[in-house]
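Student: Dropping in my_file30.tsv, with TSV, C-alpha atoms.
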```tsv
chain	number	residue	atom	x	y	z
S	241	MET	CA	141.59	118.13	83.39
S	242	ASN	CA	139.41	116.93	86.26
S	243	TYR	CA	136.12	118.43	87.33
S	244	PRO	CA	135.52	119.21	91.04
S	245	ASN	CA	133.33	116.09	91.37
S	246	GLY	CA	136.38	113.95	90.51
S	247	HIS	CA	135.32	112.95	87.00
S	248	LYS	CA	137.76	113.42	84.16
S	249	ARG	CA	136.88	115.56	81.20
S	250	THR	CA	136.61	113.51	78.05
S	251	PRO	CA	137.30	115.47	74.88
S	252	PRO	CA	134.83	115.06	72.00
S	253	PRO	CA	135.90	112.54	69.35
S	254	THR	CA	137.66	114.02	66.33
S	255	GLY	CA	136.09	113.86	62.90
S	256	GLU	CA	132.55	114.17	64.27
S	257	LYS	CA	129.94	115.57	61.87
S	258	LYS	CA	128.90	119.12	62.71
S	259	ASN	CA	125.27	118.76	61.60
S	260	LYS	CA	124.60	115.81	63.87
S	261	LYS	CA	121.20	115.81	65.60
S	262	PRO	CA	121.42	116.68	69.32
S	263	ASP	CA	121.26	113.77	71.74
S	264	TYR	CA	118.86	114.49	74.58
S	265	SER	CA	119.49	111.30	76.52
S	266	ASN	CA	120.88	111.69	80.04
S	267	ARG	CA	120.25	115.46	80.06
S	268	GLY	CA	119.72	115.56	83.78
S	269	MET	CA	120.91	113.30	86.52
S	270	THR	CA	118.40	111.18	88.32
S	271	LEU	CA	117.67	111.86	91.96
S	272	GLU	CA	119.41	108.62	92.93
S	273	GLU	CA	122.60	109.63	91.08
S	274	ASP	CA	122.52	113.05	92.73
S	275	ILE	CA	122.11	111.52	96.19
S	276	ASN	CA	124.86	108.98	95.55
S	277	GLN	CA	127.25	111.79	94.56
S	278	THR	CA	126.18	113.78	97.62
S	279	ASN	CA	126.80	110.82	99.90
S	280	GLN	CA	130.27	110.31	98.38
S	281	ALA	CA	131.07	113.98	99.06
S	282	TYR	CA	129.83	113.60	102.67
S	283	LEU	CA	131.99	110.49	103.10
S	284	ARG	CA	135.13	112.09	101.59
S	285	SER	CA	134.77	115.14	103.85
S	286	GLY	CA	134.09	113.02	106.95
S	287	LYS	CA	130.70	114.65	107.45
S	288	ALA	CA	128.54	111.48	107.42
S	289	VAL	CA	128.51	107.81	106.47
S	290	ILE	CA	125.39	107.14	104.42
S	291	HIS	CA	125.04	104.44	101.76
S	292	LYS	CA	122.48	103.10	99.33
S	293	LYS	CA	121.10	99.77	100.50
S	294	PRO	CA	121.49	96.91	98.02
S	295	THR	CA	118.28	95.27	96.85
S	296	PRO	CA	118.24	91.60	97.94
S	297	VAL	CA	117.93	89.48	94.76
S	298	GLN	CA	117.92	85.69	94.27
S	299	ILE	CA	119.57	84.79	90.96
S	300	VAL	CA	117.93	81.73	89.40
S	301	ASN	CA	119.26	81.41	85.85
S	302	VAL	CA	122.54	82.67	84.38
S	303	ASP	CA	123.67	82.29	80.77
S	304	PHE	CA	127.41	82.07	80.11
S	305	PRO	CA	127.88	82.81	76.37
S	306	LYS	CA	131.51	83.59	77.13
S	307	ARG	CA	133.53	83.16	80.25
S	308	SER	CA	133.80	86.95	80.76
S	309	ALA	CA	130.21	87.83	79.81
S	310	ALA	CA	127.71	86.21	82.16
S	311	VAL	CA	124.09	87.29	81.58
S	312	ILE	CA	121.44	86.98	84.30
S	313	LYS	CA	118.34	85.54	82.61
S	314	GLU	CA	116.08	85.12	85.63
S	315	ALA	CA	116.11	86.62	89.14
S	316	TYR	CA	113.62	87.35	91.92
S	317	PHE	CA	113.47	89.74	94.84
S	318	LYS	CA	114.24	87.76	98.01
S	319	GLN	CA	112.14	90.06	100.20
S	320	PRO	CA	110.55	93.50	99.96
S	321	SER	CA	113.17	96.18	100.38
S	322	THR	CA	112.77	98.75	103.13
S	323	THR	CA	114.11	102.21	102.26
S	324	ASP	CA	116.83	103.31	99.83
S	325	TYR	CA	119.50	104.79	102.12
S	326	ASN	CA	120.78	104.54	105.68
S	327	GLY	CA	123.76	105.60	107.74
S	328	VAL	CA	125.03	107.74	110.59
S	329	TYR	CA	125.24	111.53	110.97
S	330	LYS	CA	126.37	113.25	114.18
S	331	GLY	CA	125.80	110.06	116.13
S	332	LYS	CA	122.21	109.63	114.89
S	333	TYR	CA	120.90	106.83	112.69
S	334	VAL	CA	119.54	108.24	109.40
S	335	ASP	CA	117.20	106.27	107.14
S	336	PHE	CA	115.36	107.58	104.09
S	337	GLU	CA	113.60	106.85	100.84
S	338	ALA	CA	114.15	108.78	97.60
S	339	LYS	CA	111.40	109.18	95.01
S	340	GLU	CA	111.13	111.10	91.76
S	341	THR	CA	107.90	111.96	89.95
S	342	LYS	CA	107.00	113.62	86.65
S	343	ASN	CA	103.62	114.59	88.10
S	344	LYS	CA	103.33	118.38	88.33
S	345	THR	CA	100.52	118.68	90.87
S	346	SER	CA	101.07	115.92	93.44
S	347	PHE	CA	103.19	113.02	94.63
S	348	PRO	CA	101.34	109.69	94.17
S	349	LEU	CA	101.37	107.60	97.35
S	350	SER	CA	101.36	104.48	95.17
S	351	ASN	CA	105.13	105.10	94.87
S	352	VAL	CA	105.48	104.18	98.57
S	353	HIS	CA	104.63	100.74	99.97
S	354	GLU	CA	103.13	99.60	103.26
S	355	HIS	CA	106.27	97.72	104.33
S	356	GLN	CA	108.30	100.92	103.80
S	357	ILE	CA	105.91	102.92	105.99
S	358	GLN	CA	106.15	100.24	108.72
S	359	HIS	CA	109.95	100.31	108.51
S	360	MET	CA	110.01	104.12	108.80
S	361	LYS	CA	107.74	103.98	111.85
S	362	GLN	CA	110.08	101.46	113.51
S	363	VAL	CA	113.10	103.69	112.81
S	364	ILE	CA	111.37	106.66	114.46
S	365	GLU	CA	110.23	104.53	117.44
S	366	HIS	CA	113.90	103.70	118.05
S	367	GLY	CA	115.05	107.31	117.91
S	368	GLY	CA	116.33	107.41	114.33
S	369	ILE	CA	115.86	110.21	111.82
S	370	CYS	CA	113.60	109.16	108.97
S	371	PHE	CA	112.32	111.08	105.94
S	372	ILE	CA	111.61	110.94	102.24
S	373	ILE	CA	113.35	113.01	99.58
S	374	LEU	CA	110.96	113.89	96.76
S	375	ARG	CA	111.93	115.33	93.39
S	376	PHE	CA	109.40	116.90	91.06
S	377	SER	CA	111.31	116.47	87.81
S	378	GLN	CA	109.04	118.78	85.76
S	379	GLN	CA	109.64	121.66	88.18
S	380	GLU	CA	113.24	120.56	88.85
S	381	GLU	CA	112.55	120.90	92.60
S	382	THR	CA	113.63	118.62	95.42
S	383	TYR	CA	112.11	118.49	98.92
S	384	LEU	CA	112.76	116.69	102.18
S	385	LEU	CA	109.52	115.59	103.84
S	386	PRO	CA	109.80	114.26	107.42
S	387	ALA	CA	108.38	110.74	107.76
S	388	GLU	CA	105.93	111.90	110.43
S	389	LYS	CA	104.26	114.16	107.83
S	390	LEU	CA	104.23	111.34	105.28
S	391	PHE	CA	102.43	109.12	107.82
S	392	SER	CA	99.44	111.47	108.10
S	393	TYR	CA	98.91	111.37	104.31
S	394	TRP	CA	99.34	107.58	104.34
S	395	GLU	CA	96.70	107.21	107.09
S	396	ARG	CA	94.31	109.50	105.22
S	397	GLN	CA	94.71	107.35	102.09
S	398	SER	CA	94.18	104.16	104.13
S	399	ASN	CA	90.90	105.61	105.41
S	400	GLY	CA	89.57	106.22	101.89
S	401	GLY	CA	91.02	109.71	101.38
S	402	ARG	CA	93.20	111.20	98.69
S	403	LYS	CA	95.86	108.87	97.25
S	404	SER	CA	98.48	111.55	96.70
S	405	ILE	CA	100.18	114.45	98.47
S	406	PRO	CA	99.42	117.79	96.78
S	407	TYR	CA	102.48	119.64	95.48
S	408	LYS	CA	101.45	122.74	97.48
S	409	ASP	CA	101.36	120.69	100.71
S	410	ILE	CA	104.89	119.46	100.04
S	411	GLN	CA	106.04	123.04	99.38
S	412	GLN	CA	104.50	124.13	102.72
S	413	GLY	CA	105.22	121.08	104.91
S	414	GLY	CA	108.45	119.93	103.33
S	415	HIS	CA	111.87	121.55	103.14
S	416	PHE	CA	113.17	122.74	99.78
S	417	ILE	CA	116.65	121.43	98.93
S	418	PRO	CA	118.39	123.65	96.37
S	419	LEU	CA	120.61	121.82	93.89
S	420	LYS	CA	124.26	122.69	94.28
S	421	PHE	CA	127.33	121.92	92.22
S	422	HIS	CA	129.58	119.88	94.49
S	423	ILE	CA	127.09	118.58	97.04
S	424	ARG	CA	124.12	118.15	94.71
S	425	VAL	CA	121.36	117.42	97.23
S	426	ASP	CA	122.61	118.80	100.55
S	427	TYR	CA	119.98	117.20	102.77
S	428	LEU	CA	122.23	117.23	105.87
S	429	SER	CA	121.86	121.01	106.09
S	430	ILE	CA	118.08	120.41	106.38
S	431	LEU	CA	118.63	117.77	109.08
S	432	ASP	CA	120.67	120.32	111.05
S	433	GLU	CA	117.73	122.76	110.92
S	434	VAL	CA	114.92	120.26	111.59
S	435	TYR	CA	116.30	117.45	113.76
S	436	LEU	CA	119.61	118.39	115.36
```
I'd like the structure from this file rewritten - as structure tokens, please.

Tutor:
Amino acid sequence: MNYPNGHKRTPPPTGEKKNKKPDYSNRGMTLEEDINQTNQAYLRSGKAVIHKKPTPVQIVNVDFPKRSAAVIKEAYFKQPSTTDYNGVYKGKYVDFEAKETKNKTSFPLSNVHEHQIQHMKQVIEHGGICFIILRFSQQEETYLLPAEKLFSYWERQSNGGRKSIPYKDIQQGGHFIPLKFHIRVDYLSILDEVYL
């Protein structure tokens, strides 16, 4: 049997002990996995073309213990990456970063870098749609925060102010994205409300 997300159901192995301790690993999906599934659903339905950007890496040392099992021993980032995702929706360029925090009261701005802010500003200057998707994993809440709002907090921090965005500010200035079954993080519905 297949689930609606396209994954096959794998039956539990037979002969498993009944008093086995529960395994709590991978209880919830990460924000990145949720967005990747969402983007696949958008692509399959023809709604948008949005992909995760690969991180540019220079491989320096590879160990070949077997022909079929190469192991990368040493690698370096070629250049700082910009944002996590980009693509096209309704003829508009879309570019965004995705961040997850366990912090309950604020989003630390240390999770965002200067080169990312500069990239986001350039996208907006050229008429693109740019934002950050934030997940508060303790509250299990996800928000879309327009880049323009992120910039004001970044400037405040640069001028010696607070180095985080309060959770309450994100609730008020951001847009809550409810988790759904098939399209996990339906951020395009927010873009329709805010930008288009």

Student: Taking 5 positions as the minimum chain separation for residues in the same chain, which residues sit within 9 Å of Ala315 (chain S) when counting only C-alpha atoms? Answer as a ChimeraX atom specification.

Tutor: /S:297-302

Student: As a ChimeraX atom specification, please: the residues near Lys292 (chain S) (cut-off 12 Å, only C-alpha atoms, same-chain neighbours under 6 positions excluded).

Tutor: /S:272-280,321-327,334-338

Student: As an exercise, work out the distance from CA of Lys339 (chain S) to CA of Lys313 (chain S) in Å and give it to one decimal place.

Tutor: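 Those two atoms sit 27.6 Å apart.
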
Student: So how far away is CA of Leu374 (chain S) from CA of Val425 (chain S), in Å?

Tutor: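 Taking CA of Val425 (chain S) as the start and CA of Leu374 (chain S) as the end point, the length is 11.0 Å.
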
Student: Between CA of Gly286 (chain S) and CA of Lys361 (chain S), what is the spacing in Å?

Tutor: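 A separation of 28.3 Å between them.
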
Student: Check the smallest atom-to-atom distance from each of S:Leu271, S:Ile290, S:Ile430, S:Ile357 to Ala387 (chain S) using only C-alpha atoms, then report the winner.

Tutor: S:Ile357

Student: Could you check the closest approach to Ser429 (chain S) for each of S:Leu384, S:Gln362, S:Leu349, S:Lys403 and tell me which residue wins, using all atoms listed in the file?

Tutor: S:Leu384

Student: Measuring atom to atom with all atoms listed in the file, identify which of S:Ser377, S:His353, S:Arg424, S:Gly414 is nearest to Ser398 (chain S).

Tutor: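 Looking at the shortest contact to Ser398 (chain S), the residue is S:His353.
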
Student: Compare S:Glu365, S:Glu354, S:Glu388, S:Glu314 by their minimum atom-to-atom distance to Tyr333 (chain S), counting all atoms listed in the file, and give me the closest one.

Tutor: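 When distances to Tyr333 (chain S) are compared using all atoms listed in the file, the smallest one comes from S:Glu365.
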
Student: Between S:Val289, S:Arg284, S:Leu419, S:Lys389, single out the one closest to Met360 (chain S), counting only C-alpha atoms.

Tutor: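 With only C-alpha atoms as the atom set, the closest residue is S:Lys389.
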
Student: Counting only C-alpha atoms, which of S:His422, S:Lys287, S:Arg375, S:Arg396 gets nearest to Gly331 (chain S)?

Tutor: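 For Gly331 (chain S), the nearest of the given residues is S:Lys287.
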
Student: Could you name the residues that touch Asn351 (chain S) at 10 Å or less, counting only C-alpha atoms, but leaving out those on the same chain fewer than 6 positions away, as a PDB file with C-alpha atoms, in the coordinates of the input?

Tutor:
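To be explicit, this is the file written out as selection-v7.pdb:
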```pdb
ATOM      1  CA  LYS S 339     111.400 109.180  95.010  1.00  0.00           C
ATOM      2  CA  GLU S 340     111.130 111.100  91.760  1.00  0.00           C
ATOM      3  CA  THR S 341     107.900 111.960  89.950  1.00  0.00           C
ATOM      4  CA  SER S 404      98.480 111.550  96.700  1.00  0.00           C
TER       5      SER S 404
END
```
